[in-house]
>>> print(open('upload11.tsv').read())   # TSV, C-alpha atoms
chain	number	residue	atom	x	y	z
R	1	MET	CA	77.44	-79.97	48.64
R	2	ILE	CA	77.45	-76.37	47.47
R	3	ASP	CA	80.73	-75.88	49.32
R	4	SER	CA	82.19	-78.88	47.49
R	5	LEU	CA	81.05	-77.49	44.17
R	6	PHE	CA	82.73	-74.17	44.85
R	7	GLN	CA	85.92	-75.96	45.87
R	8	TRP	CA	85.84	-77.91	42.59
R	9	PHE	CA	85.10	-74.89	40.44
R	10	SER	CA	87.70	-72.65	42.11
R	11	ASN	CA	90.37	-74.87	40.51
R	12	PRO	CA	91.41	-73.21	37.18
R	13	ALA	CA	91.92	-76.63	35.56
R	14	ASN	CA	88.33	-77.58	36.33
R	15	GLN	CA	87.14	-74.24	34.95
R	16	ARG	CA	88.96	-74.92	31.68
R	17	LEU	CA	87.45	-78.41	31.53
R	18	LEU	CA	83.96	-77.05	32.08
R	19	PHE	CA	84.33	-74.33	29.47
R	20	GLY	CA	85.63	-76.93	27.02
R	21	MET	CA	82.57	-79.06	27.62
R	22	LEU	CA	80.40	-76.03	26.94
R	23	GLY	CA	81.92	-75.65	23.52
R	24	ALA	CA	81.12	-79.27	22.71
R	25	PHE	CA	77.63	-79.69	24.12
R	26	GLY	CA	76.20	-76.20	24.41
R	27	LEU	CA	75.50	-73.94	27.37
R	28	GLY	CA	71.81	-74.68	27.79
R	29	LEU	CA	72.03	-78.47	27.92
R	30	LEU	CA	75.02	-78.56	30.26
R	31	THR	CA	73.45	-76.05	32.62
R	32	VAL	CA	70.25	-78.13	32.89
R	33	ILE	CA	72.17	-81.35	33.52
R	34	PHE	CA	74.49	-79.62	35.98
R	35	ILE	CA	71.67	-78.17	38.09
R	36	THR	CA	69.56	-81.36	37.90
R	37	ARG	CA	72.39	-83.49	39.26
R	38	LEU	CA	73.00	-81.04	42.07
R	39	ASN	CA	69.33	-81.00	43.05
R	40	LYS	CA	69.20	-84.80	43.20
R	41	LYS	CA	72.18	-84.97	45.55
R	42	GLU	CA	70.84	-82.18	47.74
R	43	LYS	CA	67.53	-83.88	48.59
R	44	SER	CA	68.88	-85.69	51.64
R	45	LYS	CA	70.77	-82.66	52.96
R	46	LYS	CA	69.89	-79.34	54.53
R	47	ILE	CA	68.51	-76.89	51.95
R	48	HIS	CA	69.60	-73.26	51.99
R	49	THR	CA	67.05	-70.49	51.78
R	50	GLN	CA	65.33	-69.98	48.44
R	51	GLU	CA	66.91	-66.58	47.97
R	52	GLY	CA	70.41	-67.95	48.53
R	53	ASP	CA	69.82	-70.93	46.24
R	54	GLU	CA	68.54	-68.74	43.43
R	55	ALA	CA	71.56	-66.45	43.72
R	56	PHE	CA	73.92	-69.43	43.76
R	57	PHE	CA	72.53	-71.08	40.65
R	58	LYS	CA	72.31	-67.77	38.83
R	59	GLY	CA	75.97	-67.27	39.66
R	60	ILE	CA	76.81	-70.67	38.18
R	61	GLN	CA	74.87	-69.87	35.02
R	62	TYR	CA	76.65	-66.54	34.66
R	63	ILE	CA	80.02	-68.28	35.00
R	64	LEU	CA	79.03	-70.77	32.31
R	65	SER	CA	77.96	-67.83	30.14
R	66	ASP	CA	81.33	-66.14	30.73
R	67	GLU	CA	79.73	-63.20	32.52
R	68	PRO	CA	81.98	-62.81	35.60
R	69	ASP	CA	80.59	-59.43	36.64
R	70	SER	CA	77.07	-60.81	36.93
R	71	ALA	CA	78.41	-63.95	38.63
R	72	ILE	CA	80.16	-61.83	41.25
R	73	GLU	CA	76.91	-59.96	41.92
R	74	GLU	CA	74.95	-63.19	42.46
R	75	PHE	CA	77.62	-64.86	44.60
R	76	THR	CA	77.78	-61.74	46.75
R	77	LYS	CA	74.04	-62.14	47.37
R	78	PHE	CA	74.62	-65.79	48.23
R	79	VAL	CA	77.28	-65.12	50.86
R	80	GLN	CA	75.06	-62.49	52.45
R	81	VAL	CA	72.48	-65.22	53.06
R	82	ASN	CA	75.04	-67.95	53.84
R	83	SER	CA	77.79	-66.07	55.65
R	84	ASP	CA	79.35	-69.26	57.04
R	85	THR	CA	80.01	-70.75	53.60
R	86	ILE	CA	83.78	-70.43	53.37
R	87	GLU	CA	84.12	-72.01	49.93
R	88	THR	CA	81.80	-69.37	48.55
R	89	TYR	CA	84.14	-66.66	49.80
R	90	VAL	CA	87.08	-68.50	48.25
R	91	ALA	CA	85.37	-68.69	44.85
R	92	LEU	CA	84.28	-65.07	45.09
R	93	GLY	CA	87.84	-64.01	45.87
R	94	ASN	CA	89.09	-65.95	42.85
R	95	LEU	CA	86.54	-64.23	40.64
R	96	TYR	CA	87.63	-60.82	41.89
R	97	ARG	CA	91.26	-61.72	41.18
R	98	SER	CA	90.43	-62.92	37.67
R	99	LYS	CA	88.73	-59.58	37.02
R	100	GLY	CA	91.73	-57.66	38.33
R	101	ASP	CA	89.92	-56.38	41.43
R	102	ILE	CA	92.87	-57.27	43.64
R	103	GLU	CA	91.88	-55.08	46.59
R	104	ARG	CA	88.58	-56.89	47.10
R	105	ALA	CA	90.19	-60.29	46.59
R	106	ILE	CA	92.76	-59.47	49.26
R	107	ARG	CA	90.09	-58.33	51.71
R	108	ILE	CA	88.24	-61.61	51.29
R	109	ARG	CA	91.38	-63.69	51.98
R	110	GLN	CA	92.21	-61.60	55.03
R	111	SER	CA	88.69	-61.98	56.39
R	112	ILE	CA	89.00	-65.78	56.14
R	113	ILE	CA	92.43	-65.83	57.79
R	114	LEU	CA	91.20	-63.72	60.73
R	115	ARG	CA	88.12	-65.84	61.43
R	116	HIS	CA	88.30	-67.92	64.61
R	117	ASP	CA	85.86	-70.58	63.41
R	118	VAL	CA	88.00	-71.66	60.45
R	119	ASP	CA	90.44	-74.55	60.70
R	120	GLU	CA	94.15	-74.19	59.97
R	121	GLU	CA	94.06	-75.95	56.60
R	122	ILE	CA	91.50	-73.51	55.20
R	123	LYS	CA	93.48	-70.57	56.58
R	124	LEU	CA	96.62	-71.85	54.85
R	125	ARG	CA	94.71	-72.16	51.61
R	126	ALA	CA	93.46	-68.59	52.02
R	127	LEU	CA	97.04	-67.49	52.73
R	128	PHE	CA	98.21	-69.16	49.52
R	129	ASP	CA	95.41	-67.45	47.60
R	130	LEU	CA	96.45	-64.17	49.20
R	131	GLY	CA	99.93	-64.71	47.79
R	132	LEU	CA	98.42	-65.22	44.34
R	133	ASP	CA	96.43	-62.01	44.77
R	134	TYR	CA	99.55	-60.06	45.68
R	135	LYS	CA	101.40	-61.57	42.73
R	136	LYS	CA	98.59	-60.70	40.31
R	137	GLY	CA	98.64	-57.16	41.67
R	138	GLY	CA	102.40	-56.86	41.14
R	139	PHE	CA	103.26	-56.80	44.85
R	140	LEU	CA	106.06	-59.34	44.50
R	141	ASN	CA	107.72	-58.83	47.88
R	142	ARG	CA	104.41	-59.21	49.69
R	143	ALA	CA	103.60	-62.26	47.60
R	144	LEU	CA	106.97	-63.81	48.41
R	145	GLU	CA	106.57	-63.16	52.12
R	146	THR	CA	103.11	-64.74	52.04
R	147	PHE	CA	104.20	-67.83	50.12
R	148	LEU	CA	107.13	-68.30	52.49
R	149	GLN	CA	104.70	-68.27	55.42
R	150	VAL	CA	102.76	-71.09	53.77
R	151	ALA	CA	106.00	-72.95	53.00
R	152	GLN	CA	106.97	-72.86	56.67
R	153	LYS	CA	103.77	-74.71	57.54
R	154	LYS	CA	103.76	-76.93	54.43
R	155	PRO	CA	107.41	-77.38	53.37
R	156	LEU	CA	106.60	-80.27	51.03
R	157	GLU	CA	103.89	-78.46	49.06
R	158	LEU	CA	105.16	-78.30	45.48
R	159	ARG	CA	102.80	-75.62	44.22
R	160	VAL	CA	103.98	-73.30	47.00
R	161	LEU	CA	107.64	-73.92	46.25
R	162	ARG	CA	107.07	-73.30	42.55
R	163	GLU	CA	105.45	-69.95	43.29
R	164	VAL	CA	108.37	-69.05	45.57
R	165	GLU	CA	110.85	-69.96	42.83
R	166	ARG	CA	109.01	-67.91	40.19
R	167	ILE	CA	109.05	-64.82	42.37
R	168	TYR	CA	112.74	-65.23	43.18
R	169	GLU	CA	113.33	-65.41	39.42
R	170	GLU	CA	111.31	-62.25	38.80
R	171	LEU	CA	113.25	-60.52	41.57
R	172	ARG	CA	116.47	-61.87	40.03
R	173	ASP	CA	117.41	-63.49	43.32
R	174	TRP	CA	119.08	-66.39	41.57
R	175	GLY	CA	120.74	-67.83	44.66
R	176	ASN	CA	117.43	-68.42	46.41
R	177	ALA	CA	115.79	-69.50	43.16
R	178	TYR	CA	118.50	-72.16	42.85
R	179	LYS	CA	118.01	-73.36	46.43
R	180	THR	CA	114.26	-73.53	45.94
R	181	ARG	CA	114.65	-75.55	42.74
R	182	GLN	CA	116.89	-77.97	44.62
R	183	LYS	CA	114.02	-78.54	47.07
R	184	ILE	CA	111.59	-79.01	44.20
R	185	SER	CA	113.88	-81.54	42.52
R	186	LYS	CA	113.81	-83.70	45.65
R	187	LEU	CA	110.02	-83.72	45.73
R	188	SER	CA	109.13	-84.22	42.06
R	189	ARG	CA	110.23	-86.50	39.28
R	190	GLY	CA	111.80	-85.32	36.07
R	191	ASP	CA	114.99	-83.69	34.90
R	192	HIS	CA	115.67	-80.44	36.72
R	193	SER	CA	119.26	-80.05	35.53
R	194	HIS	CA	118.53	-77.44	32.83
R	195	ILE	CA	116.72	-75.20	35.33
R	196	LEU	CA	119.43	-75.58	37.95
R	197	ALA	CA	122.08	-74.83	35.32
R	198	HIS	CA	120.18	-71.73	34.19
R	199	HIS	CA	120.10	-70.41	37.74
R	200	LEU	CA	123.82	-71.05	38.11
R	201	VAL	CA	124.55	-69.16	34.89
R	202	GLU	CA	122.50	-66.21	36.10
R	203	MET	CA	124.43	-66.27	39.37
R	204	GLY	CA	127.62	-66.23	37.32
R	205	LYS	CA	126.42	-63.26	35.27
R	206	ALA	CA	125.64	-61.33	38.43
R	207	LYS	CA	129.17	-61.95	39.73
R	208	GLN	CA	130.68	-61.04	36.37
R	209	GLU	CA	128.80	-57.72	36.34
R	210	LYS	CA	130.37	-56.96	39.70
R	211	GLY	CA	133.83	-57.73	38.37
R	212	ASP	CA	134.27	-61.03	40.22
R	213	LEU	CA	135.37	-63.07	37.20
R	214	SER	CA	136.81	-65.92	39.24
R	215	LYS	CA	133.53	-66.57	41.04
R	216	ALA	CA	131.60	-66.10	37.81
R	217	LYS	CA	133.66	-68.79	36.05
R	218	SER	CA	133.11	-71.18	38.94
R	219	TYR	CA	129.35	-70.79	38.51
R	220	TYR	CA	129.61	-71.32	34.74
R	221	SER	CA	131.68	-74.46	35.28
R	222	LYS	CA	129.20	-75.75	37.84
R	223	ALA	CA	126.37	-75.08	35.39
R	224	ILE	CA	128.12	-77.20	32.76
R	225	SER	CA	128.71	-80.02	35.22
R	226	THR	CA	125.01	-79.82	36.12
R	227	ASP	CA	123.82	-79.78	32.51
R	228	LYS	CA	126.38	-80.52	29.81
R	229	HIS	CA	124.01	-79.05	27.21
R	230	CYS	CA	123.91	-75.61	28.84
R	231	VAL	CA	124.97	-73.48	25.86
R	232	ASP	CA	124.74	-70.22	27.79
R	233	ALA	CA	127.34	-71.43	30.29
R	234	TYR	CA	129.78	-72.39	27.50
R	235	LEU	CA	129.35	-68.99	25.84
R	236	HIS	CA	130.11	-67.09	29.02
R	237	LEU	CA	132.95	-69.35	30.06
R	238	GLY	CA	134.69	-68.63	26.76
>>> encode(input="upload11.tsv", output="structure tokens")
Amino acid sequence: MIDSLFQWFSNPANQRLLFGMLGAFGLGLLTVIFITRLNKKEKSKKIHTQEGDEAFFKGIQYILSDEPDSAIEEFTKFVQVNSDTIETYVALGNLYRSKGDIERAIRIRQSIILRHDVDEEIKLRALFDLGLDYKKGGFLNRALETFLQVAQKKPLELRVLREVERIYEELRDWGNAYKTRQKISKLSRGDHSHILAHHLVEMGKAKQEKGDLSKAKSYYSKAISTDKHCVDAYLHLG
């Protein structure tokens, strides 16, 4: 159960939801309800040691109080008592990343990936988190390499492809950004034409800077055929 809670809370969307609830109902009341519900569901399951439980619930309270440093301290105590609790390590790594302690976050991901008693799905999740750590730390090439490793195993995972595309954009590798967006467009609904056209225009600009005007114009024309409202393409085409 505690593992499931950590998995739920490690999702940023769930964190935002929880913090929003705090603003509406108050920290004290929500914390009491939160812990009471957990205790009820834990009665029929194996109970962790008292020391570990106290550290865990203190960590939760510190998160609710927006005290990440204290939360990290308590969760560190918890994993020392419950060293096999993978989700705890995941949440702890996310906390380190949110605080900007990228080195520690990376070490946690790597320790999960290297464990022999962890299944492949959890390792892939840790690998994805490692990519986010590298990205947060500004190591874009390492982040890209890591996300591509995940994409090889999970080629239909949209969140991975979106991270890959963002990094290609930051690296100004517009050709690969375009190819990645094409993959995304096949897996998700919505109009992707404006993004595809933008990538094509950027590819055209790169060619124009190198003096290849013919190739540049072909990219601008393709951008217009992709999205007839692409103003940037019209401006560069002249």
>>> atom_distance(input="upload11.tsv", atom1="atom CA of R:Tyr219", atom2="atom CA of R:Met203")
6.7 Å
>>> residues_around(input="upload11.tsv", residues="R:Lys207", least_positions_apart="5", cutoff="9 Å", atoms="only C-alpha atoms", output="PDB file with C-alpha atoms, keeping the file's coordinate frame")
ATOM      1  CA  GLU R 202     122.500 -66.210  36.100  1.00  0.00           C
ATOM      2  CA  ASP R 212     134.270 -61.030  40.220  1.00  0.00           C
ATOM      3  CA  LEU R 213     135.370 -63.070  37.200  1.00  0.00           C
ATOM      4  CA  SER R 214     136.810 -65.920  39.240  1.00  0.00           C
ATOM      5  CA  LYS R 215     133.530 -66.570  41.040  1.00  0.00           C
ATOM      6  CA  ALA R 216     131.600 -66.100  37.810  1.00  0.00           C
ATOM      7  CA  LYS R 217     133.660 -68.790  36.050  1.00  0.00           C
ATOM      8  CA  TYR R 219     129.350 -70.790  38.510  1.00  0.00           C
TER       9      TYR R 219
END
>>> closest_residue(input="upload11.tsv", among="R:Ile106, R:Leu187, R:Ala177, R:Ile122", to="R:Gly137", atoms="only C-alpha atoms")
R:Ile106
>>> atom_distance(input="upload11.tsv", atom1="atom CA of R:Ile224", atom2="atom CA of R:Ser193")
9.7 Å
>>> closest_atom_pairs(input="upload11.tsv", of="stretch 115-142 of chain R", to="stretch 154-174 of chain R", cutoff="9 Å", atoms="all atoms listed in the file", output="tab-separated table")
residue	atom	partner	partner_atom	distance
R:Leu124	CA	R:Lys154	CA	8.8
R:Phe128	CA	R:Val160	CA	7.5
R:Gly131	CA	R:Glu163	CA	8.8
R:Leu132	CA	R:Glu163	CA	8.5
R:Lys135	CA	R:Ile167	CA	8.3
R:Leu140	CA	R:Ile167	CA	6.6
R:Asn141	CA	R:Ile167	CA	8.2
>>> closest_residue(input="upload11.tsv", among="R:Ser218, R:Ile195, R:Asp101, R:Ser111", to="R:Thr180", atoms="only C-alpha atoms")
R:Ile195
>>> atom_distance(input="upload11.tsv", atom1="atom CA of R:Lys183", atom2="atom CA of R:His229")
22.2 Å
>>> decode(input="upload11.tsv", residues="stretch 112-146 of chain R", atoms="N, CA and C atoms", output="compact mmCIF listing (two decimals), in the first residue's frame")
# COMPACT_ATOMS: atom_id res chain seq x y z
N ILE R 112 18.61 1.73 -8.97
CA ILE R 112 17.43 0.93 -9.31
C ILE R 112 17.68 0.13 -10.59
N ILE R 113 18.26 0.77 -11.59
CA ILE R 113 18.52 0.13 -12.88
C ILE R 113 19.46 -1.05 -12.73
N LEU R 114 20.42 -0.95 -11.82
CA LEU R 114 21.44 -1.99 -11.66
C LEU R 114 20.98 -3.15 -10.77
N ARG R 115 19.85 -3.00 -10.11
CA ARG R 115 19.39 -4.07 -9.22
C ARG R 115 18.90 -5.26 -10.02
N HIS R 116 19.22 -6.45 -9.55
CA HIS R 116 18.82 -7.68 -10.26
C HIS R 116 17.42 -8.15 -9.87
N ASP R 117 16.90 -7.64 -8.75
CA ASP R 117 15.60 -8.09 -8.27
C ASP R 117 14.46 -7.17 -8.70
N VAL R 118 14.72 -6.32 -9.68
CA VAL R 118 13.71 -5.37 -10.16
C VAL R 118 13.29 -5.75 -11.57
N ASP R 119 11.98 -5.76 -11.82
CA ASP R 119 11.53 -6.16 -13.15
C ASP R 119 11.80 -5.08 -14.20
N GLU R 120 11.67 -5.46 -15.45
CA GLU R 120 12.06 -4.60 -16.57
C GLU R 120 11.24 -3.32 -16.63
N GLU R 121 9.96 -3.40 -16.31
CA GLU R 121 9.09 -2.22 -16.38
C GLU R 121 9.55 -1.14 -15.40
N ILE R 122 9.91 -1.54 -14.20
CA ILE R 122 10.39 -0.58 -13.21
C ILE R 122 11.72 0.01 -13.63
N LYS R 123 12.58 -0.82 -14.23
CA LYS R 123 13.87 -0.32 -14.71
C LYS R 123 13.68 0.71 -15.82
N LEU R 124 12.71 0.46 -16.70
CA LEU R 124 12.44 1.42 -17.77
C LEU R 124 11.91 2.74 -17.21
N ARG R 125 11.10 2.63 -16.18
CA ARG R 125 10.59 3.84 -15.53
C ARG R 125 11.75 4.61 -14.90
N ALA R 126 12.66 3.89 -14.25
CA ALA R 126 13.82 4.54 -13.65
C ALA R 126 14.70 5.17 -14.72
N LEU R 127 14.79 4.51 -15.88
CA LEU R 127 15.59 5.05 -16.98
C LEU R 127 14.96 6.35 -17.50
N PHE R 128 13.63 6.36 -17.59
CA PHE R 128 12.93 7.58 -18.01
C PHE R 128 13.17 8.70 -17.00
N ASP R 129 13.06 8.37 -15.72
CA ASP R 129 13.32 9.37 -14.68
C ASP R 129 14.76 9.87 -14.74
N LEU R 130 15.67 8.97 -15.09
CA LEU R 130 17.08 9.36 -15.23
C LEU R 130 17.23 10.39 -16.35
N GLY R 131 16.48 10.19 -17.44
CA GLY R 131 16.49 11.16 -18.52
C GLY R 131 15.99 12.52 -18.07
N LEU R 132 14.95 12.51 -17.23
CA LEU R 132 14.43 13.78 -16.69
C LEU R 132 15.46 14.45 -15.78
N ASP R 133 16.18 13.62 -15.02
CA ASP R 133 17.24 14.16 -14.15
C ASP R 133 18.32 14.85 -14.98
N TYR R 134 18.77 14.15 -16.03
CA TYR R 134 19.80 14.72 -16.90
C TYR R 134 19.30 16.02 -17.53
N LYS R 135 18.06 16.02 -17.96
CA LYS R 135 17.49 17.21 -18.59
C LYS R 135 17.44 18.37 -17.61
N LYS R 136 16.99 18.09 -16.39
CA LYS R 136 16.92 19.14 -15.36
C LYS R 136 18.31 19.69 -15.06
N GLY R 137 19.31 18.81 -15.14
CA GLY R 137 20.68 19.24 -14.87
C GLY R 137 21.36 19.91 -16.04
N GLY R 138 20.67 19.96 -17.20
CA GLY R 138 21.24 20.61 -18.37
C GLY R 138 22.12 19.72 -19.22
N PHE R 139 22.11 18.41 -18.93
CA PHE R 139 22.91 17.46 -19.71
C PHE R 139 22.04 16.91 -20.85
N LEU R 140 21.82 17.74 -21.85
CA LEU R 140 20.84 17.42 -22.89
C LEU R 140 21.22 16.19 -23.72
N ASN R 141 22.49 16.06 -24.06
CA ASN R 141 22.90 14.90 -24.87
C ASN R 141 22.72 13.60 -24.10
N ARG R 142 23.05 13.61 -22.81
CA ARG R 142 22.84 12.42 -21.98
C ARG R 142 21.35 12.13 -21.84
N ALA R 143 20.57 13.19 -21.67
CA ALA R 143 19.12 13.01 -21.55
C ALA R 143 18.55 12.40 -22.82
N LEU R 144 18.98 12.92 -23.96
CA LEU R 144 18.50 12.41 -25.24
C LEU R 144 18.86 10.94 -25.41
N GLU R 145 20.09 10.60 -25.12
CA GLU R 145 20.53 9.21 -25.23
C GLU R 145 19.70 8.29 -24.34
N THR R 146 19.39 8.77 -23.14
CA THR R 146 18.61 7.97 -22.19
C THR R 146 17.18 7.80 -22.67
